[in-house]
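Engineer: My questions will all concern the structure given below.
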Number of protein chains: 2
Amino acid sequence: MNTAPPPRPGDAVESIDTPALVIDLDRMEANLATMAAFARDHGVRLRPHAKMHKSATLARLQMAAGAVGVCVQKTSEAEALAAAGIADIYISNEVVDRAKLARVAALAGRIRLGLAVDSAEGVERLAAAVAAAGSTIEVFVEVDVGHGRCGVPAAAAGQLAQHVVSHAPPEGGLVFAGLQAYHGAAQHLRGAGEREAAAHHAAALARAAQASIGAAGIACPLVTGAGTGTFSFDAASGLWGELQAGSYLFMDRDYADNLPAPGAPRFEHALFVKSRVMSRGVSHAVIDAGDEHGLLRPRTGAGIGELPALDATVWLVPGHCDPTVNLHDRYVAVRGGLVAGVVEAVWPIEARGCVG
Amino acid sequence: MNTAPPPRPGDAVESIDTPALVIDLDRMEANLATMAAFARDHGVRLRPHAKMHKSATLARLQMAAGAVGVCVQKTSEAEALAAAGIADIYISNEVVDRAKLARVAALAGRIRLGLAVDSAEGVERLAAAVAAAGSTIEVFVEVDVGHGRCGVPAAAAGQLAQHVVSHAPPEGGLVFAGLQAYHGAAQHLRGAGEREAAAHHAAALARAAQASIGAAGIACPLVTGAGTGTFSFDAASGLWGELQAGSYLFMDRDYADNLPAPGAPRFEHALFVKSRVMSRGVSHAVIDAGDEHGLLRPRTGAGIGELPALDATVWLVPGHCDPTVNLHDRYVAVRGGLVAGVVEAVWPIEARGCVG
């Protein structure tokens with residue numbers, strides 16, 4: 001891990017060692033409040049994806065602002081956040097390995113836990129694991145709503161839900177909780193119209209999956225999904241009862257490149273990598289972030305003179321927060337802006353490196 | 001960090017949780033011996049780049065096989081490996097921030113340490129830092145031999161070496177140690193002829209830098225550099241006295257895609273990511289490694305039947321070891337191959353996440 005001495009509350013931003021992952025708290029809190037208000041106003045639950053920030057502190061802030069809990073993608077992430085006190089976690093992903101399912105089942109005995117499934121084999125193994133642990137777990141049937149990764153076809157949702165329901169309490173430990181419906185590929189379509197069309201397509205498939213479940217005589221309590229690129233469309237559909245958007249909190253460069261949806265709330269960049277010029281060549285400057293180095297070149301027609309001087313601070317906006325956060329062990333949370341602000345807190349990134 | 005329980009010595013490979021970073025020890029030891037023999041046979045020193053493996057255990061194995069020490073890229077990496085007992089480290093990169101230079105100077109008081117420089121300002125700051133710490137450090141003038149990142153032009157090497165020498169012991173703490181000359185962009189040129197041409201170009205520039213230093217009346221003790229793609233050419237040049245190749249130990253997919261240089265030693269893949277099929281769609285399988293998921297598709301014309309079954313193990317060869325290793329907290333070292341082998345050891349990756 002980074003051996004640089006951590007900043008202390010009250011330190012000036014200027015003194016923060018580089019590279020460092022810095023949160024602009026004023027901006028982040030604005031984003032936090034904006035999304036919480038959106039969810040309240042639209043009568044949907046918010047369960048932000050913590051795979052983005054990997055931090056129990058940030059999960060707590062989101063829950064204090066109204067989120068019902070958080071999502072994660074990995075068993076390890078759930079264990080790390082649970083160990084740090086987060087008590088309502090949904091693993092929005094499949095687990096089929098028996099040893100890992102035993103850990104999932106054990107964790108389900110300690111916190112409120114959910115898991116996605118997309119195979120009968122996965123359901124049977126999960127049922128056996130929770131039976132052995134004596135725990136119960138909420139189970140979401142994942143349906144492929146256009147992303148083409150995990151999930152059953154919409155028409156197969158009812159059959160898989162029946163598998164889940166066949167292990168319902170009190171005999172079994174599987175509580176059928178609804179549908180996992182997330183269209184990842186739709187999130188970064190640049191045009192708002194393109195994203196809306198993809199979201200409509202996803203909604204049609206989620207509705208078909210709901211119908212398949214209904215035809216099996218099973219009630220579908222919730223559809224959960226959505227991301228920072230489509231949440232306004234997903235909420236407007238009336239279908240999604242829970243939004244999993246995560247990146248809104250920091251608003252990375254890639255999401256900011258999306259053309260905004262009409263009437264949707266806007267978010268500001270709130271996460272930055274503080275870097276420093278460590279070398280200055282005849283035609284470029286080299287900073288100490290990136291894959292060890294980052295290169296800055298003048299714009300076409302401009303000279304080297306427009307590049308920052310040796311040792312100057314350079315602020316970067318992450319293109320994609322999740323993998324950038326995963327390179328760091330801590331957040332430096334700054335109050336009062338990046339120029340004249342001071343360090344308010346340093347937060348561990350508990351779920352960094354939780355690959356398993 | 002990954003919360004999966006670590007494997008224990010004697011465990012079967014099959015029982016290793018996924019995703020996991022697995023070393024095939026038999027192959028790795030063959031690579032280790034091959035490069036050590038090459039360096040001995042060619043009368044050059046070997047100082048492998050530990051930014052690749054980030055592990056004190058592997059650095060020790062390399063040094064036991066004849067390496068004089070290791071290179072790193074970051075101050076934090078040097079501190080982490082030094083804390084784990086590695087006592088001869090060269091930071092083959094520039095540091096200009098005064099707070100970080102104070103850490104470099106302090107570390108130079110505890111181990112044998114080297115640092116690259118490419119600016120007069122950097123030399124003056126380093127001199128001040130080691131003077132304050134009362135330590136001495138070996139200093140390499142970095143010359144740009146074609147990569148276009150850090151380093152002074154060859155003709156400027158003498159002037160910068162004079163700056164270094166002006167702070168020589170006993171008055172100062174800077175020991176001029178030679179030239180840092182690494183052509184990163186040459187390493188992955190696919191054709192052996194292309195790499196040889198780039199290596200010759202780098203050698204011409206390094207020779208010009210040597211001449212510039214000689215013209216300043218300064219002896220150049222060593223040229224250090226080279227990588228897994230060019231080391232055989234660099235050694236043949238008679239110019240490089242120290243090879244920094246690192247990837248040879250694990251031999252990633254990208255280096256293996258290079259067409260081999262005639263007569264150069266060959267290395268085998270020795271690092272693998274053990275993954276598992278976690279979902280199986282109608283046209284693809286999803287594994288639990290990659291950016292959380294990895295997608296496997298059948299070859300053109302083949303059916304889904306050729307893809308591995310749900311929960312089957314899938315072994316991946318990293319495309320580039322350095323960032324893959326940085327995602328993990330530990331190596332699982334396996335003896336006897338990946339099919340029937342057993343876990344021999346689990347090693348921490350001490351310098352993982354050492355961004356600063």
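Labeling convention for the structure tokens: chains A, B, ... as they appear, residues from 1 per chain, ligands from 1 in order of appearance.
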List the spatial neighbours of segment 258-270 of chain B as number ranges by chain - criterion: any atom at most 9 Å away, only C-alpha atoms, same-chain residues fewer than 2 positions off excluded.

Structural biologist: B: 22-31, 34-35, 38, 187-193, 195-196, 229-233, 248-256, 272, 317

Engineer: Might you pull out every residue within 12 Å of Leu107 of chain B, with only C-alpha atoms counted and same-chain residues fewer than 2 positions away left off, and present them as a PyMOL selection string?

Structural biologist: chain B and resi 75-83+86-91+100-105+109-115+129-130+133-137

Engineer: Hey, what's within 12 Å of Ala289 of chain A if we count only C-alpha atoms and toss same-chain stuff fewer than 5 positions away? As a list of chain:residue names, please?

Structural biologist: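 Within the cut-off, the hits are A:Asp17, A:Thr18, A:Pro19, A:Ala20, A:Leu21, A:Phe272, A:Val273, A:Lys274, A:Ser275, A:Arg276, A:Val277, A:Met278, A:Gly294, A:Leu295, A:Leu296, A:Thr313, A:Val314, A:Trp315, A:Leu316, A:Val317, A:Pro318, A:Thr324, A:Leu327, A:His328, B:Gln73, B:Lys74, B:Cys354, B:Val355, B:Gly356.
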
Engineer: Could you save those same residues with N, CA and C atoms as a PDB file, in the first residue's frame?

Structural biologist:
ATOM      1  N   ASP A  17       0.369  14.721  -0.648  1.00  0.00           N
ATOM      2  CA  ASP A  17       1.295  13.964  -1.485  1.00  0.00           C
ATOM      3  C   ASP A  17       0.593  13.504  -2.760  1.00  0.00           C
ATOM      4  N   THR A  18       1.361  13.353  -3.834  1.00  0.00           N
ATOM      5  CA  THR A  18       0.790  12.911  -5.110  1.00  0.00           C
ATOM      6  C   THR A  18       1.386  11.572  -5.536  1.00  0.00           C
ATOM      7  N   PRO A  19       0.630  10.783  -6.338  1.00  0.00           N
ATOM      8  CA  PRO A  19      -0.769  11.013  -6.681  1.00  0.00           C
ATOM      9  C   PRO A  19      -1.674  10.697  -5.498  1.00  0.00           C
ATOM     10  N   ALA A  20      -2.803  11.407  -5.430  1.00  0.00           N
ATOM     11  CA  ALA A  20      -3.754  11.204  -4.339  1.00  0.00           C
ATOM     12  C   ALA A  20      -5.169  11.297  -4.899  1.00  0.00           C
ATOM     13  N   LEU A  21      -6.040  10.523  -4.275  1.00  0.00           N
ATOM     14  CA  LEU A  21      -7.448  10.500  -4.659  1.00  0.00           C
ATOM     15  C   LEU A  21      -8.173  11.482  -3.748  1.00  0.00           C
ATOM     16  N   PHE A 272     -11.144  13.685  -7.820  1.00  0.00           N
ATOM     17  CA  PHE A 272     -10.006  14.138  -8.599  1.00  0.00           C
ATOM     18  C   PHE A 272      -8.760  13.359  -8.200  1.00  0.00           C
ATOM     19  N   VAL A 273      -7.855  13.227  -9.130  1.00  0.00           N
ATOM     20  CA  VAL A 273      -6.534  12.714  -8.791  1.00  0.00           C
ATOM     21  C   VAL A 273      -5.582  13.904  -8.787  1.00  0.00           C
ATOM     22  N   LYS A 274      -5.011  14.156  -7.629  1.00  0.00           N
ATOM     23  CA  LYS A 274      -4.006  15.205  -7.553  1.00  0.00           C
ATOM     24  C   LYS A 274      -2.692  14.628  -8.049  1.00  0.00           C
ATOM     25  N   SER A 275      -2.102  15.241  -9.050  1.00  0.00           N
ATOM     26  CA  SER A 275      -0.821  14.772  -9.562  1.00  0.00           C
ATOM     27  C   SER A 275       0.138  15.953  -9.650  1.00  0.00           C
ATOM     28  N   ARG A 276       1.341  15.668 -10.113  1.00  0.00           N
ATOM     29  CA  ARG A 276       2.406  16.653 -10.066  1.00  0.00           C
ATOM     30  C   ARG A 276       3.304  16.446 -11.279  1.00  0.00           C
ATOM     31  N   VAL A 277       3.823  17.523 -11.815  1.00  0.00           N
ATOM     32  CA  VAL A 277       4.763  17.406 -12.938  1.00  0.00           C
ATOM     33  C   VAL A 277       6.114  16.950 -12.387  1.00  0.00           C
ATOM     34  N   MET A 278       6.583  15.787 -12.841  1.00  0.00           N
ATOM     35  CA  MET A 278       7.840  15.227 -12.343  1.00  0.00           C
ATOM     36  C   MET A 278       8.973  15.342 -13.357  1.00  0.00           C
ATOM     37  N   GLY A 294       2.066  10.005 -16.689  1.00  0.00           N
ATOM     38  CA  GLY A 294       1.078  10.535 -17.617  1.00  0.00           C
ATOM     39  C   GLY A 294       1.749  11.609 -18.444  1.00  0.00           C
ATOM     40  N   LEU A 295       1.407  11.685 -19.716  1.00  0.00           N
ATOM     41  CA  LEU A 295       2.043  12.675 -20.591  1.00  0.00           C
ATOM     42  C   LEU A 295       1.077  13.804 -20.926  1.00  0.00           C
ATOM     43  N   LEU A 296       1.559  15.030 -20.757  1.00  0.00           N
ATOM     44  CA  LEU A 296       0.804  16.210 -21.168  1.00  0.00           C
ATOM     45  C   LEU A 296       1.513  16.822 -22.371  1.00  0.00           C
ATOM     46  N   THR A 313       1.244  21.380  -9.584  1.00  0.00           N
ATOM     47  CA  THR A 313       0.131  20.459  -9.344  1.00  0.00           C
ATOM     48  C   THR A 313      -0.771  20.398 -10.572  1.00  0.00           C
ATOM     49  N   VAL A 314      -1.189  19.192 -10.933  1.00  0.00           N
ATOM     50  CA  VAL A 314      -2.137  18.995 -12.044  1.00  0.00           C
ATOM     51  C   VAL A 314      -3.285  18.156 -11.521  1.00  0.00           C
ATOM     52  N   TRP A 315      -4.522  18.649 -11.685  1.00  0.00           N
ATOM     53  CA  TRP A 315      -5.707  17.921 -11.230  1.00  0.00           C
ATOM     54  C   TRP A 315      -6.299  17.141 -12.385  1.00  0.00           C
ATOM     55  N   LEU A 316      -6.551  15.868 -12.158  1.00  0.00           N
ATOM     56  CA  LEU A 316      -7.138  15.017 -13.188  1.00  0.00           C
ATOM     57  C   LEU A 316      -8.550  14.608 -12.768  1.00  0.00           C
ATOM     58  N   VAL A 317      -9.430  14.499 -13.742  1.00  0.00           N
ATOM     59  CA  VAL A 317     -10.770  13.948 -13.508  1.00  0.00           C
ATOM     60  C   VAL A 317     -10.762  12.522 -14.030  1.00  0.00           C
ATOM     61  N   PRO A 318     -11.037  11.522 -13.165  1.00  0.00           N
ATOM     62  CA  PRO A 318     -10.999  10.132 -13.649  1.00  0.00           C
ATOM     63  C   PRO A 318     -11.972   9.902 -14.810  1.00  0.00           C
ATOM     64  N   THR A 324     -10.103   3.515 -11.092  1.00  0.00           N
ATOM     65  CA  THR A 324      -9.188   4.521 -10.519  1.00  0.00           C
ATOM     66  C   THR A 324      -9.188   4.404  -9.000  1.00  0.00           C
ATOM     67  N   LEU A 327      -7.079   1.702  -7.382  1.00  0.00           N
ATOM     68  CA  LEU A 327      -5.618   1.860  -7.315  1.00  0.00           C
ATOM     69  C   LEU A 327      -5.171   2.483  -6.002  1.00  0.00           C
ATOM     70  N   HIS A 328      -6.129   2.971  -5.216  1.00  0.00           N
ATOM     71  CA  HIS A 328      -5.774   3.752  -4.027  1.00  0.00           C
ATOM     72  C   HIS A 328      -6.248   3.071  -2.744  1.00  0.00           C
TER      73      HIS A 328
ATOM     74  N   GLN B  73       9.740   2.023  -9.406  1.00  0.00           N
ATOM     75  CA  GLN B  73       9.369   3.226 -10.148  1.00  0.00           C
ATOM     76  C   GLN B  73       8.894   4.328  -9.209  1.00  0.00           C
ATOM     77  N   LYS B  74       8.573   3.959  -7.979  1.00  0.00           N
ATOM     78  CA  LYS B  74       7.930   4.902  -7.066  1.00  0.00           C
ATOM     79  C   LYS B  74       8.618   4.877  -5.708  1.00  0.00           C
ATOM     80  N   CYS B 354       1.351   0.998  -4.313  1.00  0.00           N
ATOM     81  CA  CYS B 354       2.351   2.020  -3.935  1.00  0.00           C
ATOM     82  C   CYS B 354       2.430   3.074  -5.032  1.00  0.00           C
ATOM     83  N   VAL B 355       1.389   3.879  -5.118  1.00  0.00           N
ATOM     84  CA  VAL B 355       1.287   4.849  -6.209  1.00  0.00           C
ATOM     85  C   VAL B 355       2.169   6.071  -5.982  1.00  0.00           C
ATOM     86  N   GLY B 356       2.508   6.351  -4.720  1.00  0.00           N
ATOM     87  CA  GLY B 356       3.129   7.641  -4.418  1.00  0.00           C
ATOM     88  C   GLY B 356       4.654   7.612  -4.307  1.00  0.00           C
TER      89      GLY B 356
END

Engineer: Work out how far atom CA of Thr228 of chain B is from atom CA of Ser247 of chain B, in Å to one decimal.

Structural biologist: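 Atom CA of Thr228 of chain B lies 6.0 Å from atom CA of Ser247 of chain B.
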
Engineer: Let's see if you can do this: from backbone DSSP, list all alpha helix (DSSP H) residues in segment 246-295 of chain A, as an MDAnalysis selection string.

Structural biologist: chainID A and resid 253:256

Engineer: Segment 151-161 of chain A: which residues within 6 Å, counting only C-alpha atoms, same-chain residues fewer than 2 positions away excluded, as a PyMOL selection string?

Structural biologist: chain A and resi 118+142-144+163-164+205+208-209+212-213+216

Engineer: I need the residues from that last selection saved to file as a PDB file, in the first residue's frame (with N, CA and C atoms), if you can.

Structural biologist:
ATOM      1  N   ASP A 118     -28.825 -16.478 -12.064  1.00  0.00           N
ATOM      2  CA  ASP A 118     -29.273 -16.618 -13.448  1.00  0.00           C
ATOM      3  C   ASP A 118     -29.180 -18.056 -13.945  1.00  0.00           C
ATOM      4  N   GLU A 142     -31.800 -12.460 -12.273  1.00  0.00           N
ATOM      5  CA  GLU A 142     -31.248 -11.497 -13.232  1.00  0.00           C
ATOM      6  C   GLU A 142     -31.755 -11.818 -14.627  1.00  0.00           C
ATOM      7  N   VAL A 143     -32.258 -10.783 -15.285  1.00  0.00           N
ATOM      8  CA  VAL A 143     -32.717 -10.927 -16.653  1.00  0.00           C
ATOM      9  C   VAL A 143     -31.823 -10.064 -17.544  1.00  0.00           C
ATOM     10  N   ASP A 144     -31.471 -10.602 -18.697  1.00  0.00           N
ATOM     11  CA  ASP A 144     -30.652  -9.839 -19.638  1.00  0.00           C
ATOM     12  C   ASP A 144     -31.562  -8.848 -20.362  1.00  0.00           C
ATOM     13  N   HIS A 163     -37.865 -21.929  -9.287  1.00  0.00           N
ATOM     14  CA  HIS A 163     -36.778 -22.594  -8.552  1.00  0.00           C
ATOM     15  C   HIS A 163     -36.519 -21.906  -7.225  1.00  0.00           C
ATOM     16  N   VAL A 164     -36.475 -20.565  -7.285  1.00  0.00           N
ATOM     17  CA  VAL A 164     -36.198 -19.800  -6.063  1.00  0.00           C
ATOM     18  C   VAL A 164     -37.312 -20.037  -5.049  1.00  0.00           C
ATOM     19  N   LEU A 205     -38.118  -5.565 -22.007  1.00  0.00           N
ATOM     20  CA  LEU A 205     -37.647  -6.897 -21.629  1.00  0.00           C
ATOM     21  C   LEU A 205     -37.922  -7.170 -20.146  1.00  0.00           C
ATOM     22  N   ALA A 208     -41.496  -8.026 -19.857  1.00  0.00           N
ATOM     23  CA  ALA A 208     -41.719  -9.400 -20.314  1.00  0.00           C
ATOM     24  C   ALA A 208     -41.287 -10.403 -19.246  1.00  0.00           C
ATOM     25  N   ALA A 209     -40.195 -10.099 -18.569  1.00  0.00           N
ATOM     26  CA  ALA A 209     -39.738 -10.985 -17.492  1.00  0.00           C
ATOM     27  C   ALA A 209     -40.740 -10.979 -16.342  1.00  0.00           C
ATOM     28  N   SER A 212     -43.554 -13.126 -17.325  1.00  0.00           N
ATOM     29  CA  SER A 212     -43.180 -14.542 -17.226  1.00  0.00           C
ATOM     30  C   SER A 212     -43.285 -15.014 -15.775  1.00  0.00           C
ATOM     31  N   ILE A 213     -42.887 -14.145 -14.854  1.00  0.00           N
ATOM     32  CA  ILE A 213     -42.972 -14.488 -13.437  1.00  0.00           C
ATOM     33  C   ILE A 213     -44.432 -14.538 -12.989  1.00  0.00           C
ATOM     34  N   ALA A 216     -46.168 -17.610 -13.949  1.00  0.00           N
ATOM     35  CA  ALA A 216     -45.812 -18.737 -13.081  1.00  0.00           C
ATOM     36  C   ALA A 216     -46.527 -18.647 -11.737  1.00  0.00           C
TER      37      ALA A 216
END

Engineer: Calculate how many Å separate atom CA of Arg47 of chain B from atom CA of Thr224 of chain B, rounding to one decimal.

Structural biologist: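 Answer for the atom CA of Arg47 of chain B to atom CA of Thr224 of chain B separation: 8.7 Å.
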
Engineer: Out of A:His284, A:Leu243, A:Cys150, A:Gly301, which residue has the shortest atom-to-atom distance to Val70 of chain A when counting only C-alpha atoms?

Structural biologist: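 Nearest candidate to Val70 of chain A out of A:His284, A:Leu243, A:Cys150, A:Gly301: A:Leu243.
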
Engineer: So which residues touch Gly305 of chain A within 12 Å, counting only C-alpha atoms, skipping near sequence neighbours fewer than 5 positions away, as an MDAnalysis selection string?

Structural biologist: chainID A and resid 280:285 296:299 310

Engineer: Write down as a short mmCIF file (atom, residue, chain, number, x, y, z; two decimals) with N, CA and C atoms, in the first residue's frame the residues belonging to segment 86-333 of chain A that are assigned strand (DSSP E) by DSSP computed on the backbone.

Structural biologist:
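Once everything was written out, this is states_10.cif:
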data_model
loop_
_atom_site.label_atom_id
_atom_site.label_comp_id
_atom_site.auth_asym_id
_atom_site.auth_seq_id
_atom_site.Cartn_x
_atom_site.Cartn_y
_atom_site.Cartn_z
N ASP A 88 -26.87 -3.67 5.13
CA ASP A 88 -27.87 -3.97 4.10
C ASP A 88 -27.18 -3.90 2.74
N ILE A 89 -26.84 -5.05 2.22
CA ILE A 89 -26.01 -5.14 1.01
C ILE A 89 -26.63 -6.12 0.02
N TYR A 90 -26.60 -5.73 -1.23
CA TYR A 90 -27.08 -6.60 -2.30
C TYR A 90 -25.92 -6.86 -3.27
N ILE A 91 -25.55 -8.14 -3.39
CA ILE A 91 -24.54 -8.54 -4.38
C ILE A 91 -25.28 -8.72 -5.70
N ARG A 112 -28.52 -8.05 6.42
CA ARG A 112 -29.52 -8.24 5.38
C ARG A 112 -28.79 -8.29 4.05
N LEU A 113 -28.93 -9.41 3.36
CA LEU A 113 -28.10 -9.64 2.17
C LEU A 113 -28.97 -10.12 1.02
N GLY A 114 -28.63 -9.67 -0.18
CA GLY A 114 -29.27 -10.14 -1.39
C GLY A 114 -28.24 -10.65 -2.38
N LEU A 115 -28.70 -11.48 -3.31
CA LEU A 115 -27.81 -12.03 -4.35
C LEU A 115 -28.61 -12.21 -5.63
N ALA A 116 -27.95 -12.02 -6.77
CA ALA A 116 -28.58 -12.28 -8.06
C ALA A 116 -28.32 -13.73 -8.48
N VAL A 117 -29.23 -14.29 -9.24
CA VAL A 117 -29.06 -15.64 -9.80
C VAL A 117 -29.47 -15.63 -11.27
N ILE A 137 -31.75 -15.38 2.61
CA ILE A 137 -31.16 -14.39 1.71
C ILE A 137 -32.21 -13.98 0.68
N GLU A 138 -32.17 -12.71 0.30
CA GLU A 138 -33.06 -12.22 -0.75
C GLU A 138 -32.45 -12.54 -2.10
N VAL A 139 -33.27 -13.07 -2.98
CA VAL A 139 -32.76 -13.53 -4.26
C VAL A 139 -33.44 -12.79 -5.40
N PHE A 140 -32.64 -12.22 -6.27
CA PHE A 140 -33.14 -11.53 -7.46
C PHE A 140 -32.79 -12.35 -8.69
N VAL A 141 -33.78 -12.59 -9.52
CA VAL A 141 -33.54 -13.27 -10.79
C VAL A 141 -33.02 -12.23 -11.78
N GLU A 142 -31.80 -12.46 -12.27
CA GLU A 142 -31.25 -11.50 -13.23
C GLU A 142 -31.75 -11.82 -14.63
N LEU A 174 -34.48 -19.12 0.78
CA LEU A 174 -34.43 -18.18 -0.34
C LEU A 174 -35.71 -17.35 -0.40
N VAL A 175 -35.57 -16.05 -0.25
CA VAL A 175 -36.72 -15.13 -0.34
C VAL A 175 -36.69 -14.49 -1.72
N PHE A 176 -37.66 -14.87 -2.56
CA PHE A 176 -37.68 -14.27 -3.90
C PHE A 176 -37.99 -12.78 -3.77
N ALA A 177 -37.08 -11.95 -4.27
CA ALA A 177 -37.18 -10.50 -4.02
C ALA A 177 -37.45 -9.70 -5.27
N GLY A 178 -37.36 -10.33 -6.45
CA GLY A 178 -37.68 -9.59 -7.66
C GLY A 178 -36.68 -9.81 -8.78
N LEU A 179 -36.58 -8.80 -9.62
CA LEU A 179 -35.76 -8.89 -10.84
C LEU A 179 -34.56 -7.97 -10.77
N GLN A 180 -33.41 -8.49 -11.17
CA GLN A 180 -32.22 -7.68 -11.41
C GLN A 180 -32.21 -7.37 -12.91
N ALA A 181 -32.31 -6.07 -13.24
CA ALA A 181 -32.42 -5.67 -14.65
C ALA A 181 -31.55 -4.43 -14.87
N VAL A 223 -38.36 -4.45 -9.14
CA VAL A 223 -37.36 -4.49 -10.21
C VAL A 223 -36.24 -3.53 -9.80
N THR A 224 -35.01 -4.04 -9.74
CA THR A 224 -33.88 -3.22 -9.33
C THR A 224 -32.85 -3.17 -10.46
N GLY A 225 -32.22 -2.00 -10.61
CA GLY A 225 -31.24 -1.82 -11.68
C GLY A 225 -31.00 -0.34 -11.90
N GLU A 242 -36.25 0.43 -7.69
CA GLU A 242 -35.00 0.69 -6.97
C GLU A 242 -33.91 1.02 -8.00
N LEU A 243 -33.21 2.10 -7.74
CA LEU A 243 -32.14 2.56 -8.64
C LEU A 243 -30.78 2.24 -8.03
N LEU A 271 -14.63 13.92 -7.74
CA LEU A 271 -13.45 13.11 -7.44
C LEU A 271 -12.32 13.52 -8.39
N PHE A 272 -11.14 13.69 -7.82
CA PHE A 272 -10.01 14.14 -8.60
C PHE A 272 -8.76 13.36 -8.20
N VAL A 273 -7.86 13.23 -9.13
CA VAL A 273 -6.53 12.71 -8.79
C VAL A 273 -5.58 13.90 -8.79
N LYS A 274 -5.01 14.16 -7.63
CA LYS A 274 -4.01 15.20 -7.55
C LYS A 274 -2.69 14.63 -8.05
N SER A 275 -2.10 15.24 -9.05
CA SER A 275 -0.82 14.77 -9.56
C SER A 275 0.14 15.95 -9.65
N ARG A 276 1.34 15.67 -10.11
CA ARG A 276 2.41 16.65 -10.07
C ARG A 276 3.30 16.45 -11.28
N VAL A 277 3.82 17.52 -11.82
CA VAL A 277 4.76 17.41 -12.94
C VAL A 277 6.11 16.95 -12.39
N MET A 278 6.58 15.79 -12.84
CA MET A 278 7.84 15.23 -12.34
C MET A 278 8.97 15.34 -13.36
N SER A 279 8.64 15.72 -14.59
CA SER A 279 9.67 15.86 -15.62
C SER A 279 9.08 16.76 -16.71
N ARG A 280 9.98 17.52 -17.34
CA ARG A 280 9.48 18.41 -18.38
C ARG A 280 10.44 18.29 -19.56
N ALA A 285 5.21 17.45 -20.91
CA ALA A 285 5.47 17.36 -19.47
C ALA A 285 5.00 15.98 -19.02
N VAL A 286 5.65 15.46 -17.98
CA VAL A 286 5.31 14.13 -17.47
C VAL A 286 4.80 14.28 -16.04
N ILE A 287 3.62 13.74 -15.77
CA ILE A 287 3.07 13.77 -14.42
C ILE A 287 3.20 12.40 -13.77
N ASP A 288 3.04 12.40 -12.45
CA ASP A 288 3.31 11.19 -11.67
C ASP A 288 2.07 10.32 -11.45
N ALA A 289 1.04 10.50 -12.27
CA ALA A 289 -0.16 9.67 -12.18
C ALA A 289 -0.42 9.04 -13.54
N GLY A 290 -1.31 8.07 -13.54
CA GLY A 290 -1.53 7.29 -14.75
C GLY A 290 -0.90 5.94 -14.50
N ASP A 291 -0.50 5.25 -15.56
CA ASP A 291 0.22 3.98 -15.37
C ASP A 291 1.66 4.35 -15.02
N HIS A 293 3.24 6.99 -15.15
CA HIS A 293 3.49 8.28 -15.77
C HIS A 293 2.25 8.70 -16.55
N GLY A 294 2.07 10.00 -16.69
CA GLY A 294 1.08 10.53 -17.62
C GLY A 294 1.75 11.61 -18.44
N LEU A 295 1.41 11.69 -19.72
CA LEU A 295 2.04 12.67 -20.59
C LEU A 295 1.08 13.80 -20.93
N LEU A 296 1.56 15.03 -20.76
CA LEU A 296 0.80 16.21 -21.17
C LEU A 296 1.51 16.82 -22.37
N THR A 313 1.24 21.38 -9.58
CA THR A 313 0.13 20.46 -9.34
C THR A 313 -0.77 20.40 -10.57
N VAL A 314 -1.19 19.19 -10.93
CA VAL A 314 -2.14 19.00 -12.04
C VAL A 314 -3.29 18.16 -11.52
N TRP A 315 -4.52 18.65 -11.68
CA TRP A 315 -5.71 17.92 -11.23
C TRP A 315 -6.30 17.14 -12.38
N LEU A 316 -6.55 15.87 -12.16
CA LEU A 316 -7.14 15.02 -13.19
C LEU A 316 -8.55 14.61 -12.77
N ARG A 330 -6.90 5.07 0.05
CA ARG A 330 -7.62 6.04 0.89
C ARG A 330 -8.10 7.21 0.04
N TYR A 331 -9.17 7.81 0.54
CA TYR A 331 -9.65 9.09 0.02
C TYR A 331 -9.13 10.20 0.91
N VAL A 332 -8.78 11.31 0.28
CA VAL A 332 -8.51 12.53 1.03
C VAL A 332 -9.70 13.46 0.75
N ALA A 333 -10.49 13.71 1.79
CA ALA A 333 -11.72 14.50 1.64
C ALA A 333 -11.41 15.95 1.99
#

Engineer: Which residues are close to Ala12 of chain A, i.e. within 8 Å by only C-alpha atoms, leaving aside same-chain residues fewer than 3 positions away? Reply as a PyMOL selection string.

Structural biologist: chain A and resi 15-16+340-343

Engineer: At a cut-off of 9 Å, using only C-alpha atoms, what residues contact Gly122 of chain B? Leave out same-chain residues fewer than 2 positions from it and give the result as a PyMOL selection string.

Structural biologist: (chain A and resi 278-279) or (chain B and resi 94-97+117-120+124-127)
